[in-house]
Structures are given as structure tokens and as C-alpha cells.
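S.K.: Here you go, one structure.
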2 protein chains.
Amino acid sequence: MGTGAGDESSDYGQLTPIPPGPRLGIGMDSCVIPLRHGGLSLVQTTDFFYPLVEDPYMMGRIACANVLSDLYAMGITECDNMLMLLSVSQKMNDKEREKVMPLMIRGFRDAAEEGGTSVTGGQTVINPWIIVGGVATVVCQPSDFIMPDSAVPGDVLVLTKPLGTQVAVNAHQWLDMPEKWNKIKLVVSKEEVEQAYQEAMLNMAMLNRTAASLMHTFNAHAATDITGFGILGHARNLAQQQRSDVAFVIHNLPILAKMAAISKACGNLFGLLQGTSSETSGGLLICLPREQAARFCAEMKSSRLGQGGGSGQEGGAGEGQQAWIIGIVEKGNRCARIIDKPRIIEVPPRGLGS
Amino acid sequence: MGTGAGDESSDYGQLTPIPPGPRLGIGMDSCVIPLRHGGLSLVQTTDFFYPLVEDPYMMGRIACANVLSDLYAMGITECDNMLMLLSVSQKMNDKEREKVMPLMIRGFRDAAEEGGTSVTGGQTVINPWIIVGGVATVVCQPSDFIMPDSAVPGDVLVLTKPLGTQVAVNAHQWLDMPEKWNKIKLVVSKEEVEQAYQEAMLNMAMLNRTAASLMHTFNAHAATDITGFGILGHARNLAQQQRSDVAFVIHNLPILAKMAAISKACGNLFGLLQGTSSETSGGLLICLPREQAARFCAEMKSSRLGQGGGSGQEGGAGEGQQAWIIGIVEKGNRCARIIDKPRIIEVPPRGLGS
């Protein structure tokens, strides 16, 4: 999700003269505004949401990674400024507040630092619910960003994080809710849920910055990040932006280990196998020339940047990030679909081998 | 209030090389980030809050005016991009939602248009309370903005909107609360409260853009906008930013008619006469060379820009905006104060003469 994917879709006439240059408004991850200065563009995005994990520090990291991800989806690797948006819950007492909020802010700032930027301001309010989010802004030259509109038939689709974060977060909550737990206990152990939850947290906190950088190296044609609308929703959204008559066809679904089984046991409650399960701070979905995709994935794997999950942590197994070729770009009607029986790739928690 | 006035005050080390140029972080209205491109700076601000007037269209205008005001306080008259931050209340039914939210969005967009910018994106969430706000961003050259740090002894202080918005909004709510109304009914009539409320709404919806433009014409030395901390709070905040050893001394308080009387009748509940009553989308407090101040006020009065309150509306009386010389800059310790018995300037509603 992000700036462009906001709920408001009405368009508003531009009254001042529009400088030349590409412009992206409502509809995609970031907005791109041509500036009056020397061919530069302003790219920015905002996102805010409610906590979904129990660890405030990790929640701060996830929120920041999620905001930055909208820039990364455009192949932008730098961020000039970050503002933080926060609300403190009125239901917290002073002690809770003093314990939770500094940790969340620290996590957010640490992720911003990992993204090479810093938080210079923001706004904090009191609200019934905790809110955390931010605004990421960069001023860049045309070569710094990749407009998400150049996919062509023959490209392949690459995904840079496994799916299943929503299922993992919910299953983890169900550990303490017997009537919910009973529905899934035959397909998964408590330990497996705990591991998947930890893995989901690490993945959500991981920046998509390495992927953004490699989009340039390997000549990516278009990309988006996977969040609230699920892999299929965002694939459809991206397909609609393409200049060529293309269709995206997804063959493989890399999913956090055991989360597909949980989804099935719940009668496809989340739509995980249908591609509609929400993700938070998900991976990038990237259209790459076929001959470049394998090398892209190999470079992701050998990279040591953007491991997320904690300062200085190099990923549980000391390895880079995984990426998967999950589909192809065909000639078509700017739509996206998942094939009838997609291959489920079970992605084990890091530290357990891969 | 604004970006810089956020509740978080911890500073965070800048790890990437800092380009030369002025930089403003947490503490003032907008943040100013030197960019890597040709001496340009990124100036941005964010604000969001909860509705305080009953008219959703006017609330949208006020929210937008309040966000833009942080740029105007730096003498910036252009805005390259606006993002809208919204939450829809979960307590509203579909009908209320469909009636209220489009009006609020329209008001916000209309004010953005009046500010010469447009809304290109944002984020909407569901929340117990309605939230409305935005993010204003501009990329500008050093000559486009006035750093708020150059006041010198001998300057005078000018204020561009009357005080008392919080009192007016509250008094208006008390019309329907007999036990509250009984406290003030001896000093004010229902009609006067209604007029003050309407006037407060028009003032809050009015952009500070004309004032920002005239800051350049008349060589302003520093400015801030008056919001949540009241006139004295923001004067103190501004005084602390000054490079010279100065003190701000406020002699006059222009206040919406009858609001001073209400404040007194309530035992100074709001601190209006002490300068601590919250304002929303208040005026600019500007340090001007003494010889320029009267001309600044005269130009404000003859201006027809930035009347706010409705598309094409030229102010109730077809006149420009009022501005008042309210104090002086002395040699001092970077503090601000109101003299013992400040002169209260009763500002009548427009249309009733001025």
C-alpha cells in the first residue's frame, strides 16, 4: 500500500503549470512530482497503521520499513527525509507509555538509519489506538527512479520476501485463544507458530533497499511492494499501470513454512493461497527481463545489506536475502492471475536452513 | 505546532555527510533539509488532528491551512506537494461517512488549491476518532525561505490573526450545555458566541500565504505560526531560536470580540489573557524591522489574497486581512513575556465593521 493506494480516488485538476517529466499520482506506491528545478522530481509516500506485533521496537522498525518500501519499489535507494507519525493510546498508563513509546521510536529511527536517512520531525497525538507511521521524501534525478510501467511479454516476476505475514501474526495470537487454536492444532505445533511469527517479524522489519539497488543493476521494468491487498491485489494494480498489453501470471507462491497449512485448515480464511491475504512490509514484486532474473536472485542471496531485524544482525544464518521467480509476463489485458494449482514454496525460518 | 514542535525531542546523530546549507530539525515549524542537488533545500511539515468545528467542509479547509501555515511561517509561498492524512471514524454509519468525508476532503483540496498546490495522495485508515491532516513539501532555493533566527533588538512583533479560537469553539459547544452556559451568559449573548464562532472558523480557514509573501517584501527577520502552545508558547519557542540576545515583549493582545470576557468569566480557564490558550491555524507572529511594520500591516489590509473561508469569497467585508503590531524585540535572554496589563484589542466579526 502507500500514498498512491489511498482510499481517495477522485482526481483533482492541476491549476498551476505542470513542469515536464513523468508524474505519478494516486494509484501507485509513491507520488512523483516534477519540480521547477533542473529536471528534479519530488518522490514521496506516507503510510501509517496500527501495531500488529507485540514487540514495540520491532513494530517501530516494521513501520519504517513499510514506509521506505514505497520508495524502494521505484528503485529509489536514498531517502532525504523521514517524518514520524505517532499516536499514543489514551488507554495506556504512564508506565506503559514510557516503556513502549521510546522503544517504538527507537525501532523506527534505527530502520531509518539503516535506510541512510534520519527522522527530523513529525507529529504525535493522543488517540484511543496506537498509530505508527511516517512520511518518506526524496528529491531525485530521472535516473534515480524506475517508473513502474515498462513490463513487456517475456519478462518474469520476482518476489523478494515470502508471503504469509498476516497468517503468522494471527496464528501467534491464537496461541492464547483455545477455540481458535483448536482449529489449527492438528496442522501446526506451537513451536512452529512461534518460529513463523519470529520469522515474519524479521522479514517485515527488513528493508527492501538491496532489491531496489539491484533493480537498476538488472534493468527492472516495473515493481511494486506487497502490502494490504496481498500479492494478487498488488500484481493487478501493477499490471494496470503498464504501457504494453501485458498480463501477469503467478505460478509459485513462496510462503512462510506451515502458513499455507494453517490457511487451509481455516477454510482459506485469509485467502493466502488465492493471493489476497494482507501482507505488512512485504517484499517487492519486480518485473525483470528473463535473462536477468536468476542473476538478480543470486545477487540478493549474496548481499549482506538490508538484513533488518536488529542493528548489526546479519540475518539468522549470516546469509543474504532470498528471492524467488514466481511468474511470467504474457501478452494480455493488463490483468493478473494465479494459476490453478500454484506451487507452494515452503520457506523455513532462518537458522533452520533454507 | 508542526513538524518541529513534535513531542519527541531526542536528537539523533546524522550518519550520512551533511550537505552545506541551513538545516532546521526538531524544534521549529518545518524541517529544512539541504539536498544533494544545486543548493536546493527540502522543506516539509506535517500536522494532523481531530475535528474541532461541526462543518466538515470548513474542517477540511482548516486542516489544510494549518499544515500549510508551517511553510508560510518560513516565508515560503509555494508548496510542491500535499499528502492528506485521514481517518474515518468506526463509529460513523455508512450514511454519515458518505456525507461527512467527501466534504472534508473537498475542503482540504480547495484550501490546497488556494495555496497553489494539489493533493496527490495520502493514507486513510479506520479509527475510533476522525483524524484529518496532511504533509506539505516544497523544494526551494535559499532565497525562497527565511530562517526564523534573525530577530534583533529594535524589531517589532506583528500578529496576523486575532487570538481566541479555542475559546470561541468551546463557547459555541456550551450553547447546548446549560451548566456551562450559565457560567458565561452574563458576559456574552448567544448571538455573539455564534458570530465569534463563525469568525473563528473563517480565520482558521484563512491561509497565511499573503503574510508569507509580505515577509519578503518587508524584510522579516523571523516568524512562527500560532497554534497549540498559544501566543506566548510560540513566542518563547521562537525567541529560543534567535542568534542574537533578544527578548520578545508582548504589549497588545488582539482577541476575537467577547472572548476575553468569556475567558475571565471562566476564571482564566484557557489562559487566553496569559497567552497560553491553544489556537488552531492561528496567525503568523513575525519579527519585522520597526520601520517596516506599519507598511506590512497596511499591505495586509489592502491585499485580496488568502481570504479563505470559501472559494472566491473575498472576506466578509470585501477587505484584506488585519494585522497588528503587538510587541517589541528587546535585548534579552531568548525569552518571551506578556506585560502586566496588556491592551486587549477586541476584534469584531467581519461584516460588523473593523
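In the C-alpha cells, the first chain shown is A, the next is B, and so on; residue numbers restart at 1 for each chain, and ligands run from 1 in the order shown.
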List the spatial neighbours of segment 329-336 of chain A as a VMD selection string - criterion: any atom at most 10 Å away, only C-alpha atoms, same-chain residues fewer than 2 positions off excluded.
M.R.: chain A and resid 151 to 157 231 to 250 287 to 290 327 338 to 339
S.K.: Which polymer residues have any atom within 9 Å of an atom of Leu85 of chain A, counting only C-alpha atoms, with same-chain residues fewer than 4 positions away left out, as a list in words?
M.R.: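 Close residues of Leu85 of chain A: Asp47, Phe48, Gly121, Gly122, Gln123, Thr124, Val125, Ile131, Val132, Gly133, Gly134 and Val135 of chain A; Thr46, Asp47 and Phe48 of chain B.
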S.K.: Take the residues just selected and output them with N, CA and C atoms as a short mmCIF file (atom, residue, chain, number, x, y, z; two decimals), in the first residue's frame.
M.R.:
data_model
loop_
_atom_site.label_atom_id
_atom_site.label_comp_id
_atom_site.auth_asym_id
_atom_site.auth_seq_id
_atom_site.Cartn_x
_atom_site.Cartn_y
_atom_site.Cartn_z
N ASP A 47 2.61 6.33 5.01
CA ASP A 47 1.90 5.15 5.50
C ASP A 47 1.80 5.24 7.00
N PHE A 48 0.66 4.88 7.53
CA PHE A 48 0.61 4.70 8.99
C PHE A 48 -0.42 3.64 9.30
N GLY A 121 11.44 15.09 12.23
CA GLY A 121 10.26 15.69 12.82
C GLY A 121 9.09 14.76 12.68
N GLY A 122 7.90 15.32 12.84
CA GLY A 122 6.71 14.50 12.75
C GLY A 122 5.63 15.09 13.62
N GLN A 123 4.70 14.27 13.99
CA GLN A 123 3.60 14.76 14.83
C GLN A 123 3.17 13.62 15.72
N THR A 124 2.88 13.94 16.96
CA THR A 124 2.38 12.94 17.91
C THR A 124 1.06 13.41 18.48
N VAL A 125 0.07 12.54 18.50
CA VAL A 125 -1.22 12.89 19.11
C VAL A 125 -1.62 11.79 20.09
N ILE A 131 -0.94 4.51 16.91
CA ILE A 131 -0.68 4.61 15.47
C ILE A 131 0.81 4.82 15.29
N VAL A 132 1.37 4.19 14.29
CA VAL A 132 2.76 4.46 13.96
C VAL A 132 2.92 4.47 12.44
N GLY A 133 3.66 5.44 11.96
CA GLY A 133 3.86 5.54 10.52
C GLY A 133 4.82 6.66 10.22
N GLY A 134 4.88 7.03 8.96
CA GLY A 134 5.83 8.06 8.60
C GLY A 134 5.61 8.59 7.20
N VAL A 135 6.45 9.54 6.86
CA VAL A 135 6.45 10.15 5.53
C VAL A 135 7.89 10.12 5.04
N THR B 46 4.38 18.30 8.76
CA THR B 46 3.16 17.50 8.85
C THR B 46 2.38 17.89 10.09
N ASP B 47 1.10 17.81 10.00
CA ASP B 47 0.20 18.10 11.10
C ASP B 47 -1.05 17.27 10.90
N PHE B 48 -1.55 16.72 11.97
CA PHE B 48 -2.89 16.12 11.89
C PHE B 48 -3.55 16.24 13.24
#
S.K.: Taking 2 positions as the minimum chain separation for residues in the same chain, which residues sit within 12 Å of His37 of chain A when counting only C-alpha atoms? Answer as a ChimeraX atom specification.
M.R.: /A:19-21,33-35,39-42,139-141 /B:37-42,80,138-141
S.K.: I need the chosen residues saved as a short mmCIF file (atom, residue, chain, number, x, y, z; two decimals), in the first residue's frame, with C-alpha atoms.
M.R.:
data_model
loop_
_atom_site.label_atom_id
_atom_site.label_comp_id
_atom_site.auth_asym_id
_atom_site.auth_seq_id
_atom_site.Cartn_x
_atom_site.Cartn_y
_atom_site.Cartn_z
CA PRO A 19 6.66 21.02 -15.43
CA PRO A 20 7.60 18.35 -17.96
CA GLY A 21 8.60 14.92 -16.71
CA ILE A 33 6.07 15.39 -8.71
CA PRO A 34 8.22 17.14 -11.33
CA LEU A 35 9.89 20.15 -9.71
CA GLY A 39 14.79 18.22 -14.07
CA LEU A 40 14.46 17.05 -10.49
CA SER A 41 11.47 15.19 -9.15
CA LEU A 42 9.97 15.01 -5.70
CA VAL A 139 14.34 14.61 -4.42
CA CYS A 140 15.94 12.78 -7.27
CA GLN A 141 17.06 12.79 -10.85
CA HIS B 37 21.25 19.00 -5.76
CA GLY B 38 22.44 22.51 -6.61
CA GLY B 39 21.93 24.33 -3.34
CA LEU B 40 18.30 23.29 -3.03
CA SER B 41 16.60 22.54 0.25
CA LEU B 42 13.71 20.28 1.10
CA ASP B 80 5.12 21.44 -4.40
CA VAL B 138 8.45 22.10 -1.11
CA VAL B 139 11.87 22.10 -2.68
CA CYS B 140 13.26 25.60 -2.73
CA GLN B 141 16.24 27.83 -3.16
#
S.K.: Would you give me, as an NGL selection string, the residues in segment 62-173 of chain B that DSSP reads as strand (DSSP E)?
M.R.: :B and (81-89 or 119-127 or 131-140 or 156-159)
S.K.: Would you return as an MDAnalysis selection string the members of segment 108-252 of chain A that DSSP assigns to alpha helix (DSSP H) on this structure's backbone?
M.R.: chainID A and resid 108:114 165:174 178:184 190:205 209:217 230:240
